[in-house]
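Asker: Mind looking over this structure? Questions follow.
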Amino acid sequence: MNARMLVKICGLTRLEDAKACCDAGADLLGFVFHAPSRRNADPAMVAQMRGGHARKVGVFVNQGVQETMAVAGQAGLDLIQLHGGQDEAFCRELIAAGAGPDRLVKVFWPERYASLADFQADLDRFAPSCGLMLFDAGKGGGGHGRGFDVALLAGLNIPRPWLLAGGLGPDNVAEVLAAGPHGLDMSSGVEAAPGVKDMDKVRRVIRCVRDKEMS
C-alpha cells in the first residue's frame, strides 16, 4: 500500500478517549449525534477536542439541515457523516448551507440493494455530493458489531474514496484490507463498553494497519 489508510475510531463519548485515540494515531474521530444511541455525544464535549492531526467527524441520522449545520458549528466538526436516509437533495442543501461536498461522508448498506446495478446507480447518484463513501454491515444503523461481507463490493466501480465498517477490531481487521478500502471505521470492536474505548484494542488495530502499509 502506498497511500496512508485512514483509521476512524467512532462512537466516542469521552474527551479522554478522543485525545488518546488521536495520540495513538487515529486519523478520524467519530462522534454520534443521535439521542437514542448509547454512544450519543455532547457537542460541547466534542468542541473541547482541539489540536492534534485527527479530524472530527459528526455522525447524523435524522436531523434537518439547519440542526446539522448548527451542531457542526458548535462542535467544530471537520466532516459530516450522513448515517440515515438522507437523499441527494439533503446533501445539496447541506452544500448550499456551506458544508461543501468534500466535508460530507455518505453511508451505504450494501445488503439493502436487490442488485449490483441498483447499488452502483446509488453510488453514482451521490458521487457529486460527497467526498467520502462509507460501507457498513447490515441494513441500517451501526455499532452493532456485525461483520461486513466484502464480496458485496465485487464488480462495483466505487467513484469516491471509501471506508469500510462492520464489526472491525484487532482480531479481524487484517482480513478486510485486501478489499482495498481507503480507510477503516471501528466502533464496537475497539470498546470496553458502549462509548468507552479499549485503548489496547485501538492501538493494536492501528499498529496492524500501519504494519500492513509497510509490507
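Starting from 1 in every chain, residues are counted up; chains themselves are A, B, ... following the order of the C-alpha cells, and ligands are numbered from 1 as listed.
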Output as a VMD selection string all residues of segment 10-199 of chain A that backbone DSSP marks as alpha helix (DSSP H).
Answerer: chain A and resid 15 to 24 43 to 47 65 to 75 88 to 96 116 to 126 173 to 176 199
Asker: Now that the selection is made, can you save its residues with N, CA and C atoms as a compact mmCIF listing (two decimals), in the first residue's frame?
Answerer:
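Final file, result-v4.txt:
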# COMPACT_ATOMS: atom_id res chain seq x y z
N LEU A 15 -13.95 12.78 26.33
CA LEU A 15 -12.84 13.59 25.83
C LEU A 15 -11.51 12.86 25.98
N GLU A 16 -11.34 12.16 27.10
CA GLU A 16 -10.07 11.46 27.32
C GLU A 16 -9.84 10.36 26.30
N ASP A 17 -10.91 9.70 25.87
CA ASP A 17 -10.78 8.68 24.83
C ASP A 17 -10.42 9.31 23.49
N ALA A 18 -11.07 10.43 23.18
CA ALA A 18 -10.79 11.11 21.91
C ALA A 18 -9.33 11.53 21.84
N LYS A 19 -8.82 12.10 22.92
CA LYS A 19 -7.42 12.53 22.94
C LYS A 19 -6.48 11.34 22.84
N ALA A 20 -6.83 10.25 23.52
CA ALA A 20 -5.98 9.06 23.49
C ALA A 20 -5.96 8.44 22.09
N CYS A 21 -7.11 8.42 21.41
CA CYS A 21 -7.16 7.87 20.06
C CYS A 21 -6.34 8.73 19.09
N CYS A 22 -6.41 10.03 19.27
CA CYS A 22 -5.61 10.94 18.45
C CYS A 22 -4.12 10.67 18.68
N ASP A 23 -3.74 10.55 19.94
CA ASP A 23 -2.34 10.29 20.27
C ASP A 23 -1.87 8.94 19.73
N ALA A 24 -2.80 7.99 19.65
CA ALA A 24 -2.45 6.65 19.16
C ALA A 24 -2.28 6.60 17.65
N PRO A 43 -22.17 17.83 22.04
CA PRO A 43 -21.41 18.74 21.18
C PRO A 43 -20.42 19.62 21.94
N ALA A 44 -20.78 19.99 23.15
CA ALA A 44 -19.87 20.83 23.95
C ALA A 44 -18.59 20.07 24.29
N MET A 45 -18.72 18.77 24.55
CA MET A 45 -17.53 17.95 24.80
C MET A 45 -16.68 17.86 23.56
N VAL A 46 -17.32 17.63 22.41
CA VAL A 46 -16.59 17.49 21.15
C VAL A 46 -15.84 18.78 20.84
N ALA A 47 -16.44 19.91 21.16
CA ALA A 47 -15.79 21.20 20.90
C ALA A 47 -14.49 21.36 21.68
N VAL A 65 -31.32 19.96 8.00
CA VAL A 65 -30.13 20.69 7.55
C VAL A 65 -29.71 21.74 8.56
N GLN A 66 -30.66 22.51 9.06
CA GLN A 66 -30.33 23.60 9.99
C GLN A 66 -29.70 23.07 11.27
N GLU A 67 -30.29 22.00 11.83
CA GLU A 67 -29.74 21.43 13.07
C GLU A 67 -28.37 20.80 12.82
N THR A 68 -28.22 20.12 11.69
CA THR A 68 -26.93 19.50 11.37
C THR A 68 -25.83 20.56 11.29
N MET A 69 -26.10 21.64 10.61
CA MET A 69 -25.11 22.69 10.47
C MET A 69 -24.83 23.38 11.81
N ALA A 70 -25.87 23.53 12.63
CA ALA A 70 -25.68 24.17 13.94
C ALA A 70 -24.79 23.31 14.83
N VAL A 71 -25.04 22.01 14.86
CA VAL A 71 -24.21 21.11 15.68
C VAL A 71 -22.79 21.06 15.14
N ALA A 72 -22.66 21.03 13.81
CA ALA A 72 -21.33 21.01 13.21
C ALA A 72 -20.53 22.24 13.61
N GLY A 73 -21.19 23.38 13.64
CA GLY A 73 -20.51 24.60 14.05
C GLY A 73 -20.17 24.61 15.52
N GLN A 74 -21.11 24.19 16.36
CA GLN A 74 -20.88 24.17 17.81
C GLN A 74 -19.76 23.22 18.19
N ALA A 75 -19.75 22.04 17.57
CA ALA A 75 -18.76 21.01 17.92
C ALA A 75 -17.43 21.20 17.21
N GLU A 88 -30.12 12.76 -2.01
CA GLU A 88 -29.22 13.71 -2.68
C GLU A 88 -29.65 15.15 -2.46
N ALA A 89 -30.98 15.37 -2.39
CA ALA A 89 -31.47 16.73 -2.16
C ALA A 89 -30.99 17.26 -0.81
N PHE A 90 -30.96 16.39 0.18
CA PHE A 90 -30.46 16.80 1.50
C PHE A 90 -28.98 17.17 1.41
N CYS A 91 -28.23 16.36 0.69
CA CYS A 91 -26.81 16.66 0.52
C CYS A 91 -26.61 18.01 -0.17
N ARG A 92 -27.40 18.25 -1.19
CA ARG A 92 -27.27 19.52 -1.91
C ARG A 92 -27.63 20.70 -1.01
N GLU A 93 -28.62 20.52 -0.13
CA GLU A 93 -28.99 21.58 0.80
C GLU A 93 -27.86 21.85 1.79
N LEU A 94 -27.20 20.80 2.26
CA LEU A 94 -26.06 20.98 3.16
C LEU A 94 -24.94 21.73 2.46
N ILE A 95 -24.70 21.37 1.22
CA ILE A 95 -23.65 22.04 0.45
C ILE A 95 -24.00 23.52 0.27
N ALA A 96 -25.26 23.79 -0.04
CA ALA A 96 -25.70 25.17 -0.20
C ALA A 96 -25.60 25.96 1.10
N LEU A 116 -26.65 -5.51 -7.95
CA LEU A 116 -25.43 -4.72 -8.06
C LEU A 116 -25.69 -3.44 -8.86
N ALA A 117 -26.55 -3.54 -9.85
CA ALA A 117 -26.86 -2.37 -10.69
C ALA A 117 -27.55 -1.28 -9.86
N ASP A 118 -28.46 -1.67 -8.98
CA ASP A 118 -29.13 -0.70 -8.11
C ASP A 118 -28.14 -0.02 -7.19
N PHE A 119 -27.22 -0.79 -6.65
CA PHE A 119 -26.20 -0.26 -5.75
C PHE A 119 -25.29 0.71 -6.51
N GLN A 120 -24.84 0.30 -7.69
CA GLN A 120 -23.97 1.15 -8.50
C GLN A 120 -24.67 2.47 -8.85
N ALA A 121 -25.96 2.39 -9.16
CA ALA A 121 -26.70 3.60 -9.52
C ALA A 121 -26.74 4.58 -8.36
N ASP A 122 -26.92 4.07 -7.15
CA ASP A 122 -26.93 4.94 -5.97
C ASP A 122 -25.56 5.58 -5.74
N LEU A 123 -24.51 4.81 -5.89
CA LEU A 123 -23.16 5.35 -5.72
C LEU A 123 -22.91 6.48 -6.72
N ASP A 124 -23.29 6.26 -7.96
CA ASP A 124 -23.08 7.27 -8.99
C ASP A 124 -23.93 8.51 -8.72
N ARG A 125 -25.11 8.30 -8.18
CA ARG A 125 -26.03 9.41 -7.92
C ARG A 125 -25.50 10.32 -6.82
N PHE A 126 -24.90 9.72 -5.80
CA PHE A 126 -24.41 10.51 -4.66
C PHE A 126 -22.99 11.03 -4.86
N VAL A 173 -9.22 -7.17 11.53
CA VAL A 173 -9.04 -6.04 10.62
C VAL A 173 -8.15 -6.41 9.43
N ALA A 174 -7.19 -7.28 9.64
CA ALA A 174 -6.28 -7.65 8.54
C ALA A 174 -7.02 -8.35 7.41
N GLU A 175 -8.13 -9.02 7.73
CA GLU A 175 -8.86 -9.80 6.73
C GLU A 175 -9.51 -8.92 5.67
N VAL A 176 -9.88 -7.68 6.02
CA VAL A 176 -10.62 -6.84 5.08
C VAL A 176 -9.71 -5.88 4.30
N MET A 199 -8.30 1.16 24.87
CA MET A 199 -7.16 1.73 24.17
C MET A 199 -6.14 0.69 23.74
Asker: Might you pull out every residue within 12 Å of segment 206-213 of chain A, with only C-alpha atoms counted and same-chain residues fewer than 2 positions away left off, and present them as a ChimeraX atom specification?
Answerer: /A:1-9,21-28,168-178,180-186,190,199-204,215
Asker: Choose the residue, out of A:Val107, A:Val59, A:Ala151, A:Leu77, that has the smallest atom-to-atom separation from Gly131 of chain A; count only C-alpha atoms.
Answerer: A:Val107
Asker: Using only C-alpha atoms, determine which residues lie at most 7 Å from Asp78 of chain A, disregarding the query and same-chain residues fewer than 5 positions distant; provide the list as a list in words.
Answerer: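 Here the qualifying residues turn out to be Arg55, Lys56, Val57 and Arg103 of chain A.
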Asker: Would you mind reading off the distance between atom CA of Ala179 of chain A and atom CA of Val150 of chain A, one decimal, in Å?
Answerer: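 Computing the Euclidean distance for atom CA of Ala179 of chain A and atom CA of Val150 of chain A yields 6.6 Å.
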Asker: Pick out each residue of segment 120-208 of chain A that DSSP on the backbone tags as strand (DSSP E); I need them as a ChimeraX atom specification.
Answerer: /A:132-135,162-165,183-186,191-193,196-197
Asker: With distances taken over only C-alpha atoms, which residue among A:Cys130, A:Leu152, A:Ala137, A:Leu82 lies nearest Ala114 of chain A?
Answerer: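 Using only C-alpha atoms, the shortest distance to Ala114 of chain A belongs to A:Leu152.
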Asker: Need the shell around Ser187 of chain A: protein/DNA/RNA residues with any atom at most 9 Å away, counting only C-alpha atoms. Skip same-chain ones fewer than 3 positions apart. Format as a PyMOL selection string?
Answerer: chain A and resi 8-12+30+142-145+165-169+190-191+194-195+197
Asker: I need the chosen residues saved as a PDB file, in the first residue's frame, with N, CA and C atoms.
Answerer:
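Saved as again-v7.pdb:
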ATOM      1  N   LYS A   8     -10.501   5.393  11.365  1.00  0.00           N
ATOM      2  CA  LYS A   8     -11.534   6.165  12.065  1.00  0.00           C
ATOM      3  C   LYS A   8     -11.992   5.380  13.287  1.00  0.00           C
ATOM      4  N   ILE A   9     -11.929   6.020  14.434  1.00  0.00           N
ATOM      5  CA  ILE A   9     -12.462   5.450  15.661  1.00  0.00           C
ATOM      6  C   ILE A   9     -13.750   6.200  15.963  1.00  0.00           C
ATOM      7  N   CYS A  10     -14.871   5.487  15.942  1.00  0.00           N
ATOM      8  CA  CYS A  10     -16.181   6.124  16.042  1.00  0.00           C
ATOM      9  C   CYS A  10     -16.865   5.767  17.363  1.00  0.00           C
ATOM     10  N   GLY A  11     -17.940   6.511  17.641  1.00  0.00           N
ATOM     11  CA  GLY A  11     -18.711   6.271  18.857  1.00  0.00           C
ATOM     12  C   GLY A  11     -18.041   6.798  20.106  1.00  0.00           C
ATOM     13  N   LEU A  12     -17.212   7.819  19.974  1.00  0.00           N
ATOM     14  CA  LEU A  12     -16.515   8.392  21.122  1.00  0.00           C
ATOM     15  C   LEU A  12     -17.477   9.245  21.940  1.00  0.00           C
ATOM     16  N   GLY A  30     -14.803   9.848  15.409  1.00  0.00           N
ATOM     17  CA  GLY A  30     -16.228   9.886  15.125  1.00  0.00           C
ATOM     18  C   GLY A  30     -17.069  10.115  16.367  1.00  0.00           C
ATOM     19  N   GLY A 142     -25.680   1.136  13.041  1.00  0.00           N
ATOM     20  CA  GLY A 142     -24.238   0.958  13.127  1.00  0.00           C
ATOM     21  C   GLY A 142     -23.850   0.648  14.558  1.00  0.00           C
ATOM     22  N   GLY A 143     -22.582   0.279  14.757  1.00  0.00           N
ATOM     23  CA  GLY A 143     -22.110  -0.034  16.096  1.00  0.00           C
ATOM     24  C   GLY A 143     -22.685  -1.303  16.672  1.00  0.00           C
ATOM     25  N   HIS A 144     -23.217  -2.183  15.797  1.00  0.00           N
ATOM     26  CA  HIS A 144     -23.851  -3.413  16.259  1.00  0.00           C
ATOM     27  C   HIS A 144     -22.905  -4.597  16.261  1.00  0.00           C
ATOM     28  N   GLY A 145     -21.693  -4.426  15.737  1.00  0.00           N
ATOM     29  CA  GLY A 145     -20.694  -5.485  15.796  1.00  0.00           C
ATOM     30  C   GLY A 145     -20.795  -6.520  14.702  1.00  0.00           C
ATOM     31  N   ALA A 165     -16.804  -0.426   7.313  1.00  0.00           N
ATOM     32  CA  ALA A 165     -17.176  -0.569   8.720  1.00  0.00           C
ATOM     33  C   ALA A 165     -17.940  -1.873   8.903  1.00  0.00           C
ATOM     34  N   GLY A 166     -18.028  -2.303  10.155  1.00  0.00           N
ATOM     35  CA  GLY A 166     -18.807  -3.504  10.442  1.00  0.00           C
ATOM     36  C   GLY A 166     -18.036  -4.512  11.269  1.00  0.00           C
ATOM     37  N   GLY A 167     -18.119  -4.374  12.586  1.00  0.00           N
ATOM     38  CA  GLY A 167     -17.536  -5.363  13.490  1.00  0.00           C
ATOM     39  C   GLY A 167     -16.029  -5.478  13.433  1.00  0.00           C
ATOM     40  N   LEU A 168     -15.336  -4.417  13.029  1.00  0.00           N
ATOM     41  CA  LEU A 168     -13.887  -4.492  12.879  1.00  0.00           C
ATOM     42  C   LEU A 168     -13.173  -4.261  14.199  1.00  0.00           C
ATOM     43  N   GLY A 169     -12.135  -5.064  14.420  1.00  0.00           N
ATOM     44  CA  GLY A 169     -11.330  -4.951  15.630  1.00  0.00           C
ATOM     45  C   GLY A 169      -9.965  -5.562  15.396  1.00  0.00           C
ATOM     46  N   VAL A 190     -13.617  -1.994  19.192  1.00  0.00           N
ATOM     47  CA  VAL A 190     -12.493  -1.459  19.976  1.00  0.00           C
ATOM     48  C   VAL A 190     -13.014  -0.825  21.273  1.00  0.00           C
ATOM     49  N   GLU A 191     -14.056  -1.421  21.835  1.00  0.00           N
ATOM     50  CA  GLU A 191     -14.674  -0.874  23.041  1.00  0.00           C
ATOM     51  C   GLU A 191     -14.536  -1.803  24.246  1.00  0.00           C
ATOM     52  N   PRO A 194     -20.130   0.231  25.516  1.00  0.00           N
ATOM     53  CA  PRO A 194     -20.614   1.188  24.518  1.00  0.00           C
ATOM     54  C   PRO A 194     -20.201   2.626  24.837  1.00  0.00           C
ATOM     55  N   GLY A 195     -19.444   3.225  23.927  1.00  0.00           N
ATOM     56  CA  GLY A 195     -18.987   4.592  24.109  1.00  0.00           C
ATOM     57  C   GLY A 195     -17.700   4.734  24.890  1.00  0.00           C
ATOM     58  N   LYS A 197     -13.850   3.442  24.983  1.00  0.00           N
ATOM     59  CA  LYS A 197     -12.900   2.725  24.147  1.00  0.00           C
ATOM     60  C   LYS A 197     -11.869   1.948  24.969  1.00  0.00           C
TER      61      LYS A 197
END
Asker: May I ask for the distance between atom CA of Gly76 of chain A and atom CA of Asn40 of chain A, given in Å to one decimal place?
Answerer: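 Atom CA of Asn40 of chain A lies at a distance of 16.4 Å from atom CA of Gly76 of chain A.
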Asker: Return the single residue from A:Ala41, A:Ala35, A:Leu163, A:Leu104 that is closest to Thr13 of chain A, with distances computed using only C-alpha atoms.
Answerer: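 Using only C-alpha atoms, Thr13 of chain A sits closest to A:Ala41.
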Asker: Just give me the gap between atom CA of Leu134 of chain A and atom CA of Ala97 of chain A in Å, one decimal is fine.
Answerer: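 Between these atoms lies a distance of 22.5 Å.
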